[in-house]
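> Here you go, entry_11.cif (mmCIF, C-alpha atoms and all ligand atoms):
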```
data_input
#
loop_
_atom_site.label_atom_id
_atom_site.label_comp_id
_atom_site.auth_asym_id
_atom_site.auth_seq_id
_atom_site.Cartn_x
_atom_site.Cartn_y
_atom_site.Cartn_z
CA GLU A 1 -27.80 6.58 -0.36
CA ASP A 2 -25.20 8.27 1.83
CA VAL A 3 -25.66 5.67 4.53
CA VAL A 4 -25.05 2.92 2.00
CA ASN A 5 -21.92 4.70 0.76
CA LYS A 6 -20.69 5.16 4.29
CA ILE A 7 -21.14 1.50 5.11
CA ALA A 8 -19.45 0.43 1.86
CA ALA A 9 -16.57 2.82 2.55
CA GLY A 10 -16.16 1.54 6.10
CA GLU A 11 -15.80 -1.96 4.71
CA ILE A 12 -13.02 -1.03 2.32
CA ILE A 13 -11.21 1.19 4.79
CA VAL A 14 -11.28 -0.60 8.11
CA ALA A 15 -8.29 1.07 9.71
CA PRO A 16 -5.97 4.03 9.00
CA GLU A 17 -3.32 1.71 7.56
CA HIS A 18 -5.76 0.66 4.81
CA ALA A 19 -6.36 4.26 3.77
CA LEU A 20 -2.61 4.78 3.76
CA LYS A 21 -2.02 1.68 1.63
CA GLU A 22 -4.38 3.00 -1.04
CA LEU A 23 -2.71 6.41 -0.97
CA ILE A 24 0.78 4.92 -1.26
CA GLU A 25 -0.32 2.78 -4.22
CA ASN A 26 -1.82 5.83 -5.95
CA ALA A 27 1.39 7.80 -5.41
CA VAL A 28 3.52 4.97 -6.77
CA ASP A 29 1.15 4.50 -9.73
CA ALA A 30 1.63 8.23 -10.47
CA GLY A 31 5.33 7.59 -11.05
CA SER A 32 6.55 9.24 -7.84
CA THR A 33 10.14 8.88 -6.74
CA ALA A 34 9.67 10.53 -3.34
CA LEU A 35 6.94 9.94 -0.84
CA GLU A 36 6.42 11.61 2.53
CA VAL A 37 3.90 10.56 5.14
CA VAL A 38 2.82 12.61 8.16
CA VAL A 39 0.56 11.13 10.82
CA LYS A 40 -1.30 12.47 13.83
CA ASP A 41 -3.04 10.32 16.44
CA GLY A 42 -2.34 7.05 14.70
CA GLY A 43 -3.82 8.41 11.47
CA LEU A 44 -7.23 9.11 12.98
CA LYS A 45 -6.63 12.85 13.26
CA LEU A 46 -4.38 13.27 10.23
CA LEU A 47 -2.94 11.15 7.46
CA GLN A 48 -1.07 13.17 4.90
CA ILE A 49 0.90 11.89 1.98
CA THR A 50 2.94 14.04 -0.36
CA ASP A 51 4.36 12.71 -3.61
CA ASN A 52 6.28 14.08 -6.59
CA GLY A 53 4.34 12.13 -9.21
CA HIS A 54 2.61 13.32 -12.37
CA GLY A 55 -0.20 15.09 -10.54
CA ILE A 56 -3.89 15.35 -11.42
CA ASP A 57 -5.36 17.58 -14.14
CA LYS A 58 -7.49 20.40 -12.83
CA GLU A 59 -10.33 19.21 -15.08
CA ASP A 60 -10.35 15.83 -13.34
CA LEU A 61 -10.69 17.23 -9.83
CA ALA A 62 -14.47 17.61 -9.95
CA ILE A 63 -15.05 13.87 -10.34
CA LEU A 64 -11.92 12.64 -8.56
CA CYS A 65 -13.81 11.25 -5.57
CA GLU A 66 -16.80 9.87 -7.41
CA ARG A 67 -17.06 6.11 -7.30
CA PHE A 68 -15.36 4.30 -10.18
CA THR A 69 -13.40 7.37 -11.23
CA THR A 70 -10.14 5.91 -12.36
CA SER A 71 -7.48 6.71 -14.90
CA LYS A 72 -6.26 3.14 -14.77
CA LEU A 73 -8.79 1.15 -16.78
CA LYS A 74 -7.93 1.90 -20.36
CA ALA A 75 -9.60 -0.95 -22.13
CA PHE A 76 -12.32 -3.38 -21.37
CA GLU A 77 -9.77 -6.20 -21.24
CA ASP A 78 -8.27 -4.47 -18.24
CA LEU A 79 -11.30 -5.59 -16.32
CA THR A 80 -9.63 -8.95 -16.02
CA SER A 81 -7.00 -7.30 -13.87
CA ILE A 82 -9.48 -6.00 -11.35
CA GLY A 83 -8.62 -8.87 -9.07
CA THR A 84 -5.05 -7.73 -9.03
CA TYR A 85 -5.64 -4.18 -8.08
CA GLY A 86 -8.84 -4.34 -6.10
CA PHE A 87 -11.95 -2.54 -7.16
CA ARG A 88 -11.03 0.37 -9.42
CA GLY A 89 -11.71 3.93 -8.48
CA GLU A 90 -13.06 3.19 -5.02
CA ALA A 91 -10.31 4.31 -2.70
CA LEU A 92 -10.60 8.09 -2.80
CA ALA A 93 -14.38 7.85 -3.06
CA SER A 94 -14.49 5.67 0.05
CA ILE A 95 -12.17 7.90 2.02
CA SER A 96 -14.27 10.96 1.15
CA HIS A 97 -17.29 9.31 2.75
CA ILE A 98 -15.63 8.69 6.09
CA ALA A 99 -13.14 11.55 6.48
CA HIS A 100 -12.40 15.13 5.50
CA LEU A 101 -10.36 14.82 2.37
CA SER A 102 -8.40 17.51 0.59
CA VAL A 103 -6.12 17.35 -2.40
CA THR A 104 -3.40 19.71 -3.60
CA THR A 105 -1.94 18.79 -6.93
CA ARG A 106 0.11 20.16 -9.78
CA THR A 107 0.92 18.61 -13.15
CA LYS A 108 3.94 19.52 -15.27
CA GLU A 109 1.68 21.41 -17.68
CA SER A 110 0.03 23.54 -15.02
CA SER A 111 1.41 26.94 -14.01
CA CYS A 112 0.14 26.56 -10.45
CA ALA A 113 -1.15 23.95 -8.03
CA TRP A 114 -4.87 23.36 -7.38
CA ARG A 115 -6.49 22.67 -4.09
CA ALA A 116 -9.83 20.93 -3.62
CA HIS A 117 -11.87 19.66 -0.67
CA TYR A 118 -14.23 16.70 -0.74
CA ALA A 119 -17.08 15.17 1.21
CA ASP A 120 -19.25 12.22 0.20
CA GLY A 121 -17.66 11.97 -3.22
CA LYS A 122 -18.18 15.61 -4.17
CA LEU A 123 -16.29 18.88 -4.16
CA VAL A 124 -17.21 20.98 -1.13
CA SER A 125 -16.23 24.42 0.03
CA PRO A 126 -13.62 24.47 2.80
CA LYS A 127 -15.53 27.19 4.68
CA PRO A 128 -19.17 28.25 4.62
CA GLY A 129 -19.77 30.91 1.98
CA GLN A 130 -16.76 29.92 -0.12
CA SER A 131 -16.91 28.28 -3.51
CA ALA A 132 -16.45 24.54 -3.82
CA GLU A 133 -14.45 24.98 -7.02
CA PRO A 134 -10.74 24.05 -6.89
CA LYS A 135 -8.57 27.03 -5.99
CA PRO A 136 -5.23 27.94 -7.55
CA ILE A 137 -2.38 28.07 -5.05
CA ALA A 138 1.40 27.97 -5.12
CA GLY A 139 2.83 24.48 -5.01
CA ARG A 140 5.35 22.11 -6.52
CA GLY A 141 4.73 19.27 -8.92
CA GLY A 142 3.02 16.23 -7.51
CA THR A 143 0.13 15.53 -5.22
CA GLN A 144 -0.59 15.96 -1.55
CA ILE A 145 -3.56 14.11 -0.11
CA THR A 146 -4.74 15.11 3.34
CA VAL A 147 -7.14 12.87 5.24
CA GLU A 148 -8.46 14.35 8.47
CA ASP A 149 -10.74 12.96 11.16
CA LEU A 150 -10.99 9.49 9.70
CA PHE A 151 -14.24 7.76 10.75
CA TYR A 152 -15.57 11.04 12.25
CA ASN A 153 -19.04 9.97 11.09
CA VAL A 154 -18.69 6.28 11.95
CA PRO A 155 -18.69 6.34 15.76
CA SER A 156 -18.73 2.56 16.10
CA ARG A 157 -15.59 2.22 14.05
CA ARG A 158 -13.92 5.10 15.84
CA ARG A 159 -14.60 3.56 19.21
CA ALA A 160 -12.86 0.38 18.07
CA PHE A 161 -9.50 2.16 18.14
CA ARG A 162 -7.99 2.04 21.60
CA SER A 163 -4.50 3.25 21.10
CA ALA A 164 -3.03 5.74 18.66
CA SER A 165 0.41 4.20 19.10
CA GLU A 166 -0.86 0.80 17.99
CA GLU A 167 -2.37 2.32 14.86
CA TYR A 168 0.82 4.24 14.23
CA ALA A 169 2.83 1.03 14.49
CA LYS A 170 0.64 -0.53 11.79
CA ILE A 171 1.10 2.54 9.62
CA LEU A 172 4.88 2.29 10.00
CA ASP A 173 4.66 -1.38 9.10
CA MET A 174 2.76 -0.55 5.90
CA VAL A 175 5.28 2.14 4.93
CA ALA A 176 8.12 -0.29 5.68
CA ARG A 177 6.61 -2.90 3.36
CA TYR A 178 6.32 -0.54 0.43
CA ALA A 179 9.74 0.94 1.16
CA VAL A 180 11.28 -2.49 0.61
CA HIS A 181 9.24 -3.26 -2.48
CA CYS A 182 9.49 0.12 -4.23
CA SER A 183 13.24 0.48 -4.12
CA GLY A 184 13.34 3.36 -6.60
CA VAL A 185 11.23 5.56 -4.34
CA SER A 186 12.41 7.43 -1.25
CA PHE A 187 10.10 7.12 1.74
CA SER A 188 9.72 9.00 4.96
CA CYS A 189 7.15 8.69 7.71
CA LYS A 190 6.86 10.80 10.81
CA LYS A 191 4.45 12.00 13.44
CA HIS A 192 2.96 15.44 12.91
CA GLY A 193 5.10 18.09 14.61
CA SER A 194 8.05 15.78 15.05
CA SER A 195 11.38 16.82 13.57
CA THR A 196 12.67 13.29 13.18
CA ALA A 197 11.27 10.67 10.85
CA ASP A 198 10.58 7.17 12.15
CA ILE A 199 11.25 5.77 8.70
CA SER A 200 13.54 7.49 6.27
CA VAL A 201 15.11 5.82 3.25
CA PRO A 202 16.75 7.72 0.40
CA THR A 203 16.10 6.90 -3.26
CA ALA A 204 19.61 5.54 -3.58
CA ALA A 205 19.12 2.83 -0.96
CA GLY A 206 18.54 -0.51 -2.70
CA THR A 207 16.31 -3.34 -1.57
CA LEU A 208 18.98 -4.87 0.65
CA ASP A 209 19.85 -1.59 2.35
CA ARG A 210 16.19 -1.08 3.03
CA ILE A 211 15.71 -4.54 4.50
CA ARG A 212 18.72 -4.00 6.71
CA GLN A 213 17.77 -0.53 7.82
CA ILE A 214 14.06 -1.02 8.34
CA HIS A 215 13.79 -4.67 9.23
CA LYS A 216 17.09 -5.01 11.05
CA VAL A 217 18.30 -8.01 9.16
CA THR A 218 22.07 -8.33 8.87
CA VAL A 219 22.37 -8.42 5.15
CA ALA A 220 25.81 -9.97 4.84
CA ASN A 221 25.18 -13.47 6.12
CA GLU A 222 21.52 -13.72 6.93
CA LEU A 223 19.82 -13.26 3.58
CA VAL A 224 19.79 -15.11 0.29
CA THR A 225 17.95 -14.37 -2.93
CA LEU A 226 15.00 -16.40 -4.01
CA GLU A 227 13.81 -16.86 -7.55
CA ALA A 228 11.18 -19.14 -8.96
CA GLU A 229 9.00 -19.22 -12.02
CA SER A 230 6.75 -21.43 -14.03
CA ASP A 231 5.12 -20.83 -17.39
CA ARG A 232 2.74 -23.63 -16.68
CA TRP A 233 1.34 -21.97 -13.56
CA GLY A 234 1.74 -18.48 -15.00
CA PHE A 235 3.89 -16.98 -12.31
CA LYS A 236 7.29 -15.56 -11.56
CA CYS A 237 8.70 -14.55 -8.23
CA ASN A 238 11.79 -13.10 -6.68
CA GLY A 239 12.78 -11.89 -3.29
CA TRP A 240 15.08 -12.17 -0.32
CA ILE A 241 14.72 -14.72 2.42
CA SER A 242 16.59 -15.29 5.65
CA ASN A 243 18.75 -18.34 6.15
CA ALA A 244 19.61 -20.33 9.25
CA ASN A 245 21.85 -17.52 10.58
CA TYR A 246 18.78 -15.38 11.11
CA SER A 247 16.25 -15.99 13.77
CA ALA A 248 13.32 -14.03 15.16
CA LYS A 249 10.46 -14.78 17.46
CA ARG A 250 7.93 -13.93 14.77
CA THR A 251 7.79 -14.49 11.05
CA THR A 252 8.12 -11.37 8.94
CA LEU A 253 6.45 -11.91 5.59
CA LEU A 254 6.48 -9.03 3.14
CA LEU A 255 4.33 -10.40 0.35
CA PHE A 256 3.57 -8.52 -2.84
CA ILE A 257 1.38 -9.91 -5.58
CA ASN A 258 1.51 -7.86 -8.77
CA HIS A 259 3.03 -5.01 -6.74
CA ARG A 260 0.26 -4.86 -4.17
CA SER A 261 0.97 -5.73 -0.55
CA VAL A 262 -1.31 -8.64 0.33
CA GLU A 263 -1.85 -11.21 3.05
CA SER A 264 -1.87 -14.92 2.51
CA THR A 265 -2.19 -17.22 5.47
CA VAL A 266 -1.70 -20.19 3.16
CA ILE A 267 1.64 -18.95 1.83
CA LYS A 268 2.79 -17.93 5.30
CA LYS A 269 2.01 -21.35 6.80
CA ALA A 270 3.63 -23.24 3.93
CA ILE A 271 6.84 -21.21 4.16
CA GLU A 272 7.00 -21.46 7.95
CA GLN A 273 6.64 -25.21 7.64
CA THR A 274 9.46 -25.34 5.11
CA TYR A 275 11.70 -23.39 7.46
CA ALA A 276 10.79 -25.53 10.46
CA THR A 277 13.11 -28.33 9.36
CA PHE A 278 16.05 -25.92 9.05
CA LEU A 279 15.62 -23.70 12.09
CA PRO A 280 15.67 -24.45 15.81
CA LYS A 281 12.24 -24.71 17.37
CA GLY A 282 10.56 -21.33 17.92
CA SER A 283 12.88 -19.53 15.58
CA LYS A 284 11.17 -17.73 12.69
CA PRO A 285 12.24 -16.40 9.31
CA PHE A 286 12.20 -13.13 7.38
CA ILE A 287 10.72 -13.36 3.88
CA TYR A 288 10.29 -10.72 1.22
CA LEU A 289 8.54 -12.09 -1.84
CA SER A 290 7.42 -10.30 -4.96
CA LEU A 291 5.10 -12.50 -6.95
CA ASP A 292 3.91 -11.72 -10.46
CA ILE A 293 0.89 -13.72 -11.50
CA GLU A 294 -0.95 -13.36 -14.79
CA PRO A 295 -3.77 -10.98 -13.81
CA ALA A 296 -6.45 -13.25 -15.26
CA ARG A 297 -5.38 -15.96 -12.80
CA VAL A 298 -5.86 -13.85 -9.70
CA ASP A 299 -9.28 -14.26 -8.12
CA VAL A 300 -11.50 -11.57 -9.59
CA ASN A 301 -14.21 -12.18 -7.05
CA VAL A 302 -12.20 -11.06 -4.10
CA HIS A 303 -14.14 -8.42 -2.25
CA PRO A 304 -12.22 -5.38 -1.07
CA THR A 305 -12.91 -6.31 2.54
CA LYS A 306 -10.80 -9.39 2.06
CA ARG A 307 -7.14 -8.64 2.44
CA GLU A 308 -6.40 -12.23 1.53
CA VAL A 309 -5.72 -12.94 -2.10
CA HIS A 310 -6.37 -16.18 -3.95
CA PHE A 311 -5.20 -17.31 -7.35
CA LEU A 312 -5.38 -20.25 -9.71
CA ASN A 313 -3.04 -23.19 -9.02
CA GLU A 314 -2.30 -21.77 -5.61
CA ASP A 315 -1.06 -25.14 -4.33
CA GLU A 316 1.29 -25.71 -7.24
CA ILE A 317 2.69 -22.19 -7.09
CA ILE A 318 3.25 -22.37 -3.34
CA ALA A 319 4.90 -25.79 -3.69
CA THR A 320 7.26 -24.43 -6.36
CA ILE A 321 8.22 -21.51 -4.12
CA CYS A 322 8.72 -23.75 -1.08
CA ASP A 323 10.93 -26.10 -3.12
CA GLU A 324 13.08 -23.12 -3.96
CA VAL A 325 13.18 -22.02 -0.31
CA ARG A 326 14.23 -25.54 0.68
CA SER A 327 16.99 -25.70 -1.89
CA SER A 328 18.45 -22.31 -0.95
CA LEU A 329 18.34 -23.20 2.72
CA SER A 330 20.08 -26.53 2.19
CA LYS A 331 22.91 -24.79 0.31
CA VAL A 332 23.83 -22.71 3.34
CA ASP A 333 26.29 -23.90 5.98
CA THR A 334 24.88 -23.81 9.45
P1 LIG B 401 -7.72 3.83 -8.65
O1 LIG B 401 -6.37 3.93 -8.03
O2 LIG B 401 -8.30 2.46 -8.56
O3 LIG B 401 -7.77 4.39 -10.04
P2 LIG B 401 -8.46 5.74 -6.60
O4 LIG B 401 -9.77 6.10 -6.00
O5 LIG B 401 -7.41 5.20 -5.72
O6 LIG B 401 -8.75 4.72 -7.78
O7 LIG B 401 -7.90 7.00 -7.38
C1 LIG B 401 -8.71 7.60 -8.38
C2 LIG B 401 -7.87 8.30 -9.43
O8 LIG B 401 -7.29 9.47 -8.86
C3 LIG B 401 -6.68 7.50 -9.96
O9 LIG B 401 -7.07 6.65 -11.03
C4 LIG B 401 -5.74 8.60 -10.40
O10 LIG B 401 -6.07 9.02 -11.70
C5 LIG B 401 -6.04 9.74 -9.45
N1 LIG B 401 -5.04 9.83 -8.36
C6 LIG B 401 -5.23 9.45 -7.07
N2 LIG B 401 -4.12 9.68 -6.33
C7 LIG B 401 -3.21 10.22 -7.17
C8 LIG B 401 -1.84 10.69 -7.00
N3 LIG B 401 -1.23 10.64 -5.83
N4 LIG B 401 -1.24 11.21 -8.11
C9 LIG B 401 -1.86 11.27 -9.31
N5 LIG B 401 -3.13 10.84 -9.51
C10 LIG B 401 -3.81 10.33 -8.47
MG MG B 402 -5.97 3.65 -6.03
#
```
Starting from the file, give its structure as structure tokens.

Amino acid sequence: EDVVNKIAAGEIIVAPEHALKELIENAVDAGSTALEVVVKDGGLKLLQITDNGHGIDKEDLAILCERFTTSKLKAFEDLTSIGTYGFRGEALASISHIAHLSVTTRTKESSCAWRAHYADGKLVSPKPGQSAEPKPIAGRGGTQITVEDLFYNVPSRRRAFRSASEEYAKILDMVARYAVHCSGVSFSCKKHGSSTADISVPTAAGTLDRIRQIHKVTVANELVTLEAESDRWGFKCNGWISNANYSAKRTTLLLFINHRSVESTVIKKAIEQTYATFLPKGSKPFIYLSLDIEPARVDVNVHPTKREVHFLNEDEIIATICDEVRSSLSKVDT
């Protein structure tokens, strides 16, 4: 059974950035307004995320890392939104099968913080001879999740990672995406032992400040807003897109569907094509898009291994967005 769990876990979490994405989403779901990430060896040695959200009840710690443990499916109807959020209650369980996972958490109601260690979905003692029960310790409100030695028991996966700096770059990219999308949350990300953060945005910085600071887009004359919606296709979207004053060698697409960072080759290609008529050859755009789609319309059969999302009336929705891109680009003087 453990082997099966390990394989399943390795399919959901393919690289450190995927573990981090799940942990960021959990922290945001917990209502956090501040989020700190610390990384060692590209996340393979250490991935630690500290939030100031509502915390986890001590009583829930025993089953926290069991598969399908979730506080986010309140009614059966919510099952229709599985496609939006990925499989429920699998992230922490998966991570516990392929890394050393520990959690320190404190709710508003609790007089202290609680610390627990996990392996293979279950509470374990941190040292031989000690109890596996959560221990009371001093700590502030919120949750700190520490993931150590990711893939320590999956040698094939571990060998696939050549360079810690490449993995760290992908981690920074993931933090940067969420930092733009979650503009009410402060973010920082740094290497373990370093005194300076590689990403640091205060709560007060709005979406535009964040795009400018993190993605180096000159906000004043390079970006325009984008809005599109259709009741017929059940979607709504808003975002910021670059105009003809901006140019890069590669397309930056920050795409969020129902507040989850996702990939979509189809959307990327369609938007690049739309830009091609407005930009000189080889010059690529910056696009931040937040798309809300009725959960029931997002593909519920998407397996967690697939980072690509599909939804009903994909063609129509993409065409509507591209029309909007075209009309905002043609408004701008070049
Ligand atoms: P899911 O997010 O799909 O519910 P996860 O495995 O990611 O499943 O998390 C399991 C549960 O653990 C969540 O439903 C939530 O109740 C709790 N949890 C995880 N991370 C945090 C956090 N940072 N703050 C508060 N609760 C958390
Ligand atoms: Mg989660």
> Which residues come within 8 Å of Ile145 (chain A), counting only C-alpha atoms, excluding same-chain residues fewer than 4 positions away, as a PyMOL selection string?
chain A and resi 23+48-50+101-104
> Please return as a ChimeraX atom specification every residue within 6 Å of (10.9, -1.2, 3.4), taking into account only C-alpha atoms and the file's own coordinates.
/A:176-180,210-211,214
> Using all atoms listed in the file, which of the listed residues (A:Thr196, A:Ser186, A:Thr33, A:Gln144) sits closest to ligand LIG 401 (chain B)?
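Smallest distance to ligand LIG 401 (chain B) is found for A:Gln144.
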> Applying 8 Å and all atoms listed in the file, which residues near His54 (chain A) remain after dropping the ones on its own chain fewer than 4 positions away? List them as a PyMOL selection string.
chain A and resi 30-32+106-108+141-143
> Per residue of chain A within 7 Å of ligand MG 402 (chain B), which atom pair is closest and at what distance in Å (one decimal), using only C-alpha atoms and all ligand atoms, listed by chain and increasing number, as JSON lines?

```
{"residue": "A:Glu22", "atom": "CA", "partner": "B:MG402", "partner_atom": "MG", "distance": 5.3}
{"residue": "A:Leu23", "atom": "CA", "partner": "B:MG402", "partner_atom": "MG", "distance": 6.6}
{"residue": "A:Glu25", "atom": "CA", "partner": "B:MG402", "partner_atom": "MG", "distance": 6.0}
{"residue": "A:Asn26", "atom": "CA", "partner": "B:MG402", "partner_atom": "MG", "distance": 4.7}
{"residue": "A:Arg88", "atom": "CA", "partner": "B:MG402", "partner_atom": "MG", "distance": 6.9}
{"residue": "A:Gly89", "atom": "CA", "partner": "B:MG402", "partner_atom": "MG", "distance": 6.2}
{"residue": "A:Ala91", "atom": "CA", "partner": "B:MG402", "partner_atom": "MG", "distance": 5.5}
```
> Quick one: everything within 6 Å of Trp114 (chain A), counting all atoms listed in the file, minus sequence neighbours fewer than 4 positions away in the same chain. Send it as a tab-separated table (two decimals) with C-alpha atoms, in the frame of the given file.

```tsv
chain	number	residue	atom	x	y	z
A	104	THR	CA	-3.40	19.71	-3.60
A	105	THR	CA	-1.94	18.79	-6.93
A	134	PRO	CA	-10.74	24.05	-6.89
A	135	LYS	CA	-8.57	27.03	-5.99
A	136	PRO	CA	-5.23	27.94	-7.55
A	137	ILE	CA	-2.38	28.07	-5.05
```
> Grab the CA of Ile7 (chain A) to CA of Val147 (chain A) distance for me, in Å with one decimal place.
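Separating CA of Ile7 (chain A) from CA of Val147 (chain A) is a distance of 18.0 Å.
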> Have a look at A:Glu229, A:Asp29, A:Glu308, A:Asp323 and name the one nearest to Gln273 (chain A); count all atoms listed in the file.
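Selected residue with least distance to Gln273 (chain A): A:Asp323.
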> So which residues touch Glu90 (chain A) within 6 Å, counting only C-alpha atoms, skipping near sequence neighbours fewer than 2 positions away, as a ChimeraX atom specification?
/A:67-68,88,92-94
> For Phe187 (chain A), please output as a ChimeraX atom specification all residues within 8 Å (counting all atoms listed in the file; exclusion window: fewer than 4 positions along the same chain).
/A:34-37,175,179,199-203
